[in-house]
Amino acid sequence: MPKPIVAIVGRPNVGKSTLFNKLCGRRLAIVDDRPGVTRDRLYADCEWQNRHFMIVDTGGIEPFSDDVLLRQMRAQAETAIENADVIVLVTDLRTGVVATDKEVAQMLMKSSKPVVLCVNKCDSVGEPPAEFYEFYNLGLGDPIAVSAVHGHGTGDLLDEIFRHLPEEESTGEETDAIKVAIIGKPNVGKSSLVNAVCGEKRMIVSDIAGTTRDATDTNVTIDGQEYVLIDTAGLRRKSRVDDQIEHYSVLRAVAAVERADVCVIMIDAVVGFTEQDSKVAGIAHEQGKACIIAVNKWDAYEKDSKSMDSYRKKLMEDFSFMSYAPIIFISAKTGQRLGRLFDLIRYVNEQNAMRISTGKLNDVLAAAEARVQPPTDKGKRLKIYYITQASTRPPTFVCFVNKKDLFHYSYQRYLDNQIRAVFGLEGTPTRFVIREREKNSK
């Protein structure tokens, strides 16, 4: 189930970005006393009472302004409201209720979404001042006194947000379907692939980049295996994302990757590799998803007998940070190698969920250490006591050592290669957690 989305909205300069930074625990949003500093939506993960959700910071809403920039900011905030599960309206205790607050409150009431009213800049501890009770006039229920700067009241605010979050889907409804996110730049043929697999025009296909705005699910069954294909909007460079709807498309695409089991990273064979392809792949890699690099439009590429090998070699250099990902050359238009693509999807999904016993892992460790001794520094040698697998998706290994600083990244990569050589793990990233064993432990 995708994470619920909580949108933080309000008029300019009420402290939305300060509150956003406080809730996500990082300084992601630029904070300034001048109104209008936040123009685009920012998003970050947030966790409260063991429930994860996504919070979105928006630019200030000015309902009456004719300024072009303020109109765009308002349109983006409206898009965030439309897609949010819970809305937090931030107001300012110091200025009291103003006409803009009332207009924004009416807009939120029309949305029929749960709204949490936050009165910011209540910096004094104890009972709120008399001005606080004026905010009941907005008709949004009990306001919550918060100081985004000092953190006062943020726990009460999160409690109220938590109360309005949609219920989690029961795990009993889960199926064996493999969730596949099809990601890539605009106009590489993601929707064409979904249509080719379904045998019908399920998605609108156009040469105009950005036709797909949302992440759309399609259920298919191939050779007895169920798949959920998630067609996502193309991810552009940030400088190119100038349309208010497209900003939210990026958020939806990131959320689609998050709930997928396998990510198919599509590249246009004719255009070739670009920096943006690397960034798109990086999203899937960072989230530990099984990955396949699919070079689409291979039918349109001018080739000879050596083209595929040279193209693959070049891509392996371009995607050196995810050398584990298999590369396949397809054509959504002609259906070339689509059957092989789904065989690969099933295979890398199994690799991503692979669990290796501690005994077998330590056999590989012993052989690896005999071949290449662990590094030393200033006369001290790294000792790896044992290694065990902590989790899957992606396979995560915990190494217990005498001293963390001695475990150089190059030796970690060497061990990773040795484990892959024995167990495969093709198509999936791995994670290593290094822990020092306490000096007193025997």
# chains A, B, ... in the order shown; residues from 1 in each chain; ligands from 1
>>> residues_around(residues="Leu425 (chain A)", least_positions_apart="2", cutoff="6 Å", atoms="only C-alpha atoms", output="list in words")
Gln351, Arg420 and Thr428 of chain A
>>> write_last_selection(atoms="N, CA, C and O atoms", output="compact mmCIF listing (two decimals), in the first residue's frame")
# COMPACT_ATOMS: atom_id res chain seq x y z
N GLN A 351 15.42 -13.11 -6.77
CA GLN A 351 16.75 -12.78 -6.27
C GLN A 351 16.68 -11.71 -5.17
O GLN A 351 17.41 -11.77 -4.18
N ARG A 420 27.96 -12.69 -4.48
CA ARG A 420 27.22 -12.75 -5.75
C ARG A 420 27.72 -13.88 -6.64
O ARG A 420 26.95 -14.53 -7.34
N THR A 428 19.49 -7.38 -8.16
CA THR A 428 19.12 -6.77 -6.88
C THR A 428 20.32 -6.10 -6.23
O THR A 428 21.43 -6.64 -6.25
>>> select_by_dssp(residues="region 172-383 of chain A", states="strand (DSSP E or B)", output="number ranges by chain")
A: 178-184, 216-222, 225-231, 262-268, 290-296, 327-329, 331, 336, 376-377, 380-381
>>> residues_around(residues="Ile384 (chain A)", least_positions_apart="5", cutoff="8 Å", atoms="only C-alpha atoms", output="tab-separated table (two decimals) with C-alpha atoms, in the first residue's frame")
chain	number	residue	atom	x	y	z
A	399	CYS	CA	29.07	-8.10	9.53
A	400	PHE	CA	30.38	-8.26	13.11
A	401	VAL	CA	33.96	-6.94	13.24
A	402	ASN	CA	36.62	-5.85	15.72
>>> atom_distance(atom1="CA of Gly335 (chain A)", atom2="CA of Lys289 (chain A)")
25.2 Å
>>> residues_around(residues="Thr396 (chain A)", least_positions_apart="4", cutoff="7 Å", atoms="only C-alpha atoms", output="list in words")
Gln389, Ala390, Ser391, Thr392, Thr430, Arg431 and Phe432 of chain A
>>> closest_residue(among="A:Leu158, A:Ile61, A:Val6, A:Leu19", to="Glu103 (chain A)", atoms="only C-alpha atoms")
A:Ile61
>>> atom_distance(atom1="CA of Leu341 (chain A)", atom2="CA of Ile419 (chain A)")
25.2 Å
>>> closest_residue(among="A:Val146, A:Leu165, A:Ile55, A:Leu140", to="Gly126 (chain A)", atoms="only C-alpha atoms")
A:Val146
>>> closest_residue(among="A:Ala256, A:Val422, A:Leu117, A:Ile161", to="Glu47 (chain A)", atoms="only C-alpha atoms")
A:Ile161
>>> atom_distance(atom1="CA of Ala366 (chain A)", atom2="CA of Tyr409 (chain A)")
18.5 Å
>>> select_by_dssp(residues="region 238-360 of chain A", states="alpha helix (DSSP H)", output="PyMOL selection string")
chain A and resi 244-259+275-286+307-318+338-352+358-360
>>> closest_residue(among="A:Pro114, A:Arg11, A:Cys291, A:Gly272", to="Ile182 (chain A)", atoms="only C-alpha atoms")
A:Cys291
>>> residues_around(residues="Gln49 (chain A)", least_positions_apart="3", cutoff="12 Å", atoms="only C-alpha atoms", output="compact mmCIF listing (two decimals) with N, CA, C and O atoms, in the first residue's frame")
# COMPACT_ATOMS: atom_id res chain seq x y z
N CYS A 46 7.80 10.70 6.86
CA CYS A 46 7.60 11.02 8.27
C CYS A 46 7.05 9.77 8.94
O CYS A 46 6.34 8.97 8.30
N HIS A 52 4.17 5.10 8.77
CA HIS A 52 4.92 5.96 7.85
C HIS A 52 3.95 6.67 6.90
O HIS A 52 3.01 6.07 6.40
N PHE A 53 4.23 7.94 6.66
CA PHE A 53 3.43 8.68 5.68
C PHE A 53 4.33 9.74 5.05
O PHE A 53 5.47 9.96 5.48
N GLY A 155 3.87 17.07 18.80
CA GLY A 155 3.38 15.72 19.14
C GLY A 155 1.87 15.66 19.07
O GLY A 155 1.31 14.71 18.53
N LEU A 158 0.86 15.68 15.40
CA LEU A 158 1.07 14.37 14.76
C LEU A 158 0.03 13.36 15.22
O LEU A 158 -0.42 12.51 14.44
N ASP A 159 -0.37 13.44 16.50
CA ASP A 159 -1.44 12.57 16.99
C ASP A 159 -2.73 12.78 16.20
O ASP A 159 -3.43 11.83 15.84
N GLU A 160 -3.04 14.06 15.96
CA GLU A 160 -4.27 14.38 15.23
C GLU A 160 -4.17 13.95 13.76
O GLU A 160 -5.14 13.44 13.19
N ILE A 161 -3.00 14.14 13.16
CA ILE A 161 -2.79 13.66 11.78
C ILE A 161 -2.96 12.15 11.73
O ILE A 161 -3.64 11.61 10.86
N PHE A 162 -2.34 11.46 12.68
CA PHE A 162 -2.41 10.00 12.74
C PHE A 162 -3.86 9.52 12.83
O PHE A 162 -4.24 8.52 12.22
N ARG A 163 -4.67 10.25 13.59
CA ARG A 163 -6.08 9.86 13.78
C ARG A 163 -6.87 9.90 12.47
O ARG A 163 -7.81 9.13 12.29
N LEU A 165 -5.44 9.45 9.34
CA LEU A 165 -4.83 8.68 8.25
C LEU A 165 -5.74 7.53 7.84
O LEU A 165 -6.39 6.92 8.69
>>> closest_residue(among="A:Val149, A:Trp48, A:Ile387, A:Asn137", to="Gly359 (chain A)", atoms="only C-alpha atoms")
A:Ile387
>>> residues_around(residues="Cys263 (chain A)", least_positions_apart="5", cutoff="9 Å", atoms="only C-alpha atoms", output="list in words")
Lys179, Val180, Ala181, Ile182, Ile183, Val257, Ala281, Ala284, Lys289, Ala290, Cys291, Ile292, Ile293 and Ile345 of chain A
>>> write_last_selection(atoms="N, CA, C and O atoms", output="short mmCIF file (atom, residue, chain, number, x, y, z; two decimals), in the first residue's frame")
data_model
loop_
_atom_site.label_atom_id
_atom_site.label_comp_id
_atom_site.auth_asym_id
_atom_site.auth_seq_id
_atom_site.Cartn_x
_atom_site.Cartn_y
_atom_site.Cartn_z
N LYS A 179 4.58 -6.68 -8.26
CA LYS A 179 4.31 -5.27 -8.62
C LYS A 179 5.52 -4.71 -9.37
O LYS A 179 6.64 -4.72 -8.84
N VAL A 180 5.27 -4.26 -10.59
CA VAL A 180 6.35 -3.81 -11.48
C VAL A 180 6.14 -2.34 -11.82
O VAL A 180 5.14 -1.97 -12.45
N ALA A 181 7.06 -1.47 -11.39
CA ALA A 181 7.01 -0.05 -11.74
C ALA A 181 7.83 0.16 -13.01
O ALA A 181 9.00 -0.24 -13.08
N ILE A 182 7.20 0.75 -14.02
CA ILE A 182 7.89 1.05 -15.27
C ILE A 182 8.29 2.52 -15.22
O ILE A 182 7.42 3.40 -15.26
N ILE A 183 9.59 2.78 -15.10
CA ILE A 183 10.05 4.14 -14.87
C ILE A 183 11.02 4.56 -15.97
O ILE A 183 11.60 3.73 -16.67
N VAL A 257 7.55 3.70 -7.21
CA VAL A 257 8.78 2.90 -7.04
C VAL A 257 8.79 2.29 -5.64
O VAL A 257 9.15 1.13 -5.45
N ALA A 281 17.25 5.79 -12.43
CA ALA A 281 17.69 4.49 -11.91
C ALA A 281 18.12 4.61 -10.45
O ALA A 281 17.91 3.69 -9.66
N ALA A 284 15.36 3.97 -7.84
CA ALA A 284 15.08 2.55 -7.59
C ALA A 284 16.22 1.89 -6.81
O ALA A 284 15.98 1.08 -5.91
N LYS A 289 15.28 -1.75 -4.71
CA LYS A 289 14.38 -2.53 -5.55
C LYS A 289 15.15 -3.38 -6.55
O LYS A 289 16.23 -3.00 -7.01
N ALA A 290 14.56 -4.52 -6.91
CA ALA A 290 15.10 -5.31 -8.01
C ALA A 290 14.95 -4.49 -9.29
O ALA A 290 13.92 -3.84 -9.50
N CYS A 291 15.99 -4.48 -10.13
CA CYS A 291 15.99 -3.59 -11.30
C CYS A 291 16.36 -4.32 -12.58
O CYS A 291 17.21 -5.23 -12.57
N ILE A 292 15.74 -3.89 -13.66
CA ILE A 292 16.08 -4.34 -15.01
C ILE A 292 16.20 -3.10 -15.88
O ILE A 292 15.36 -2.20 -15.80
N ILE A 293 17.24 -3.05 -16.70
CA ILE A 293 17.39 -1.95 -17.66
C ILE A 293 16.87 -2.44 -19.01
O ILE A 293 17.43 -3.37 -19.59
N ILE A 345 11.78 -10.40 -15.06
CA ILE A 345 11.09 -9.77 -13.92
C ILE A 345 10.86 -10.79 -12.82
O ILE A 345 11.12 -10.53 -11.63
#
>>> closest_residue(among="A:Ser307, A:Thr218, A:Thr100, A:Asn349", to="Asp231 (chain A)", atoms="only C-alpha atoms")
A:Thr218
>>> decode(residues="region 77-123 of chain A", atoms="N, CA and C atoms", output="mmCIF file, in the first residue's frame")
data_model
loop_
_atom_site.group_PDB
_atom_site.id
_atom_site.type_symbol
_atom_site.label_atom_id
_atom_site.label_comp_id
_atom_site.auth_asym_id
_atom_site.auth_seq_id
_atom_site.Cartn_x
_atom_site.Cartn_y
_atom_site.Cartn_z
ATOM 1 N N ALA A 77 -0.601 24.262 -4.863
ATOM 2 C CA ALA A 77 -1.196 23.912 -3.570
ATOM 3 C C ALA A 77 -2.525 23.193 -3.771
ATOM 4 N N GLU A 78 -3.312 23.655 -4.748
ATOM 5 C CA GLU A 78 -4.593 23.012 -5.039
ATOM 6 C C GLU A 78 -4.395 21.573 -5.521
ATOM 7 N N THR A 79 -3.335 21.363 -6.311
ATOM 8 C CA THR A 79 -3.024 20.004 -6.767
ATOM 9 C C THR A 79 -2.644 19.125 -5.588
ATOM 10 N N ALA A 80 -1.858 19.681 -4.650
ATOM 11 C CA ALA A 80 -1.475 18.921 -3.463
ATOM 12 C C ALA A 80 -2.697 18.563 -2.624
ATOM 13 N N ILE A 81 -3.621 19.522 -2.479
ATOM 14 C CA ILE A 81 -4.856 19.279 -1.719
ATOM 15 C C ILE A 81 -5.658 18.153 -2.366
ATOM 16 N N GLU A 82 -5.746 18.192 -3.695
ATOM 17 C CA GLU A 82 -6.530 17.194 -4.428
ATOM 18 C C GLU A 82 -5.996 15.785 -4.221
ATOM 19 N N ASN A 83 -4.670 15.649 -4.097
ATOM 20 C CA ASN A 83 -4.058 14.326 -4.003
ATOM 21 C C ASN A 83 -3.770 13.886 -2.574
ATOM 22 N N ALA A 84 -3.987 14.771 -1.600
ATOM 23 C CA ALA A 84 -3.642 14.447 -0.213
ATOM 24 C C ALA A 84 -4.713 13.589 0.444
ATOM 25 N N ASP A 85 -4.289 12.824 1.436
ATOM 26 C CA ASP A 85 -5.222 12.065 2.272
ATOM 27 C C ASP A 85 -5.632 12.882 3.504
ATOM 28 N N VAL A 86 -4.705 13.685 4.013
ATOM 29 C CA VAL A 86 -4.963 14.566 5.163
ATOM 30 C C VAL A 86 -4.334 15.920 4.847
ATOM 31 N N ILE A 87 -5.001 17.006 5.255
ATOM 32 C CA ILE A 87 -4.494 18.357 5.006
ATOM 33 C C ILE A 87 -4.270 19.055 6.341
ATOM 34 N N VAL A 88 -3.108 19.691 6.470
ATOM 35 C CA VAL A 88 -2.807 20.499 7.658
ATOM 36 C C VAL A 88 -2.845 21.964 7.232
ATOM 37 N N LEU A 89 -3.798 22.724 7.779
ATOM 38 C CA LEU A 89 -3.870 24.157 7.504
ATOM 39 C C LEU A 89 -3.098 24.898 8.589
ATOM 40 N N VAL A 90 -2.052 25.609 8.179
ATOM 41 C CA VAL A 90 -1.204 26.343 9.125
ATOM 42 C C VAL A 90 -1.629 27.808 9.139
ATOM 43 N N THR A 91 -1.857 28.337 10.333
ATOM 44 C CA THR A 91 -2.213 29.752 10.513
ATOM 45 C C THR A 91 -1.214 30.395 11.471
ATOM 46 N N ASP A 92 -1.330 31.693 11.670
ATOM 47 C CA ASP A 92 -0.347 32.457 12.440
ATOM 48 C C ASP A 92 -1.039 33.135 13.626
ATOM 49 N N LEU A 93 -0.621 32.764 14.847
ATOM 50 C CA LEU A 93 -1.215 33.341 16.058
ATOM 51 C C LEU A 93 -1.000 34.861 16.113
ATOM 52 N N ARG A 94 0.153 35.317 15.640
ATOM 53 C CA ARG A 94 0.510 36.726 15.796
ATOM 54 C C ARG A 94 -0.381 37.644 14.960
ATOM 55 N N THR A 95 -0.765 37.187 13.784
ATOM 56 C CA THR A 95 -1.602 38.032 12.920
ATOM 57 C C THR A 95 -3.080 37.780 13.146
ATOM 58 N N GLY A 96 -3.396 36.653 13.805
ATOM 59 C CA GLY A 96 -4.800 36.313 13.995
ATOM 60 C C GLY A 96 -5.428 35.812 12.709
ATOM 61 N N VAL A 97 -6.753 35.653 12.717
ATOM 62 C CA VAL A 97 -7.479 35.188 11.536
ATOM 63 C C VAL A 97 -7.620 36.340 10.557
ATOM 64 N N VAL A 98 -7.149 36.131 9.331
ATOM 65 C CA VAL A 98 -7.274 37.149 8.285
ATOM 66 C C VAL A 98 -8.174 36.602 7.185
ATOM 67 N N ALA A 99 -8.543 37.478 6.246
ATOM 68 C CA ALA A 99 -9.474 37.096 5.177
ATOM 69 C C ALA A 99 -8.951 35.919 4.366
ATOM 70 N N THR A 100 -7.629 35.885 4.121
ATOM 71 C CA THR A 100 -7.047 34.788 3.339
ATOM 72 C C THR A 100 -7.226 33.455 4.058
ATOM 73 N N ASP A 101 -7.070 33.443 5.380
ATOM 74 C CA ASP A 101 -7.284 32.203 6.141
ATOM 75 C C ASP A 101 -8.701 31.680 5.938
ATOM 76 N N LYS A 102 -9.671 32.594 5.948
ATOM 77 C CA LYS A 102 -11.070 32.175 5.767
ATOM 78 C C LYS A 102 -11.300 31.600 4.380
ATOM 79 N N GLU A 103 -10.688 32.227 3.357
ATOM 80 C CA GLU A 103 -10.842 31.730 1.986
ATOM 81 C C GLU A 103 -10.219 30.344 1.830
ATOM 82 N N VAL A 104 -9.033 30.183 2.397
ATOM 83 C CA VAL A 104 -8.350 28.880 2.315
ATOM 84 C C VAL A 104 -9.155 27.821 3.067
ATOM 85 N N ALA A 105 -9.702 28.187 4.239
ATOM 86 C CA ALA A 105 -10.517 27.246 5.019
ATOM 87 C C ALA A 105 -11.740 26.790 4.231
ATOM 88 N N GLN A 106 -12.393 27.725 3.529
ATOM 89 C CA GLN A 106 -13.554 27.360 2.708
ATOM 90 C C GLN A 106 -13.154 26.432 1.572
ATOM 91 N N MET A 107 -11.992 26.692 0.952
ATOM 92 C CA MET A 107 -11.489 25.832 -0.112
ATOM 93 C C MET A 107 -11.272 24.405 0.398
ATOM 94 N N LEU A 108 -10.737 24.288 1.613
ATOM 95 C CA LEU A 108 -10.463 22.975 2.186
ATOM 96 C C LEU A 108 -11.745 22.245 2.553
ATOM 97 N N MET A 109 -12.737 22.978 3.051
ATOM 98 C CA MET A 109 -14.011 22.340 3.402
ATOM 99 C C MET A 109 -14.692 21.764 2.164
ATOM 100 N N LYS A 110 -14.541 22.444 1.029
ATOM 101 C CA LYS A 110 -15.122 21.945 -0.225
ATOM 102 C C LYS A 110 -14.434 20.675 -0.708
ATOM 103 N N SER A 111 -13.174 20.479 -0.309
ATOM 104 C CA SER A 111 -12.424 19.300 -0.763
ATOM 105 C C SER A 111 -12.912 18.008 -0.107
ATOM 106 N N SER A 112 -13.658 18.121 0.997
ATOM 107 C CA SER A 112 -14.167 16.954 1.748
ATOM 108 C C SER A 112 -13.052 16.060 2.282
ATOM 109 N N LYS A 113 -11.860 16.621 2.423
ATOM 110 C CA LYS A 113 -10.731 15.863 2.994
ATOM 111 C C LYS A 113 -10.613 16.186 4.482
ATOM 112 N N PRO A 114 -10.065 15.262 5.290
ATOM 113 C CA PRO A 114 -9.828 15.582 6.707
ATOM 114 C C PRO A 114 -8.839 16.742 6.823
ATOM 115 N N VAL A 115 -9.194 17.741 7.635
ATOM 116 C CA VAL A 115 -8.351 18.928 7.792
ATOM 117 C C VAL A 115 -7.971 19.074 9.264
ATOM 118 N N VAL A 116 -6.681 19.261 9.518
ATOM 119 C CA VAL A 116 -6.174 19.516 10.867
ATOM 120 C C VAL A 116 -5.749 20.982 10.914
ATOM 121 N N LEU A 117 -6.332 21.751 11.841
ATOM 122 C CA LEU A 117 -6.045 23.182 11.955
ATOM 123 C C LEU A 117 -4.888 23.396 12.931
ATOM 124 N N CYS A 118 -3.806 23.980 12.422
ATOM 125 C CA CYS A 118 -2.607 24.226 13.216
ATOM 126 C C CYS A 118 -2.423 25.732 13.390
ATOM 127 N N VAL A 119 -2.343 26.200 14.627
ATOM 128 C CA VAL A 119 -2.062 27.609 14.905
ATOM 129 C C VAL A 119 -0.593 27.703 15.292
ATOM 130 N N ASN A 120 0.222 28.210 14.387
ATOM 131 C CA ASN A 120 1.670 28.265 14.581
ATOM 132 C C ASN A 120 2.084 29.527 15.361
ATOM 133 N N LYS A 121 3.337 29.510 15.799
ATOM 134 C CA LYS A 121 3.970 30.637 16.514
ATOM 135 C C LYS A 121 3.385 30.843 17.916
ATOM 136 N N CYS A 122 2.868 29.738 18.501
ATOM 137 C CA CYS A 122 2.472 29.762 19.921
ATOM 138 C C CYS A 122 3.732 29.388 20.719
ATOM 139 N N ASP A 123 4.642 30.342 20.844
ATOM 140 C CA ASP A 123 5.980 30.043 21.354
ATOM 141 C C ASP A 123 6.064 29.943 22.870
#
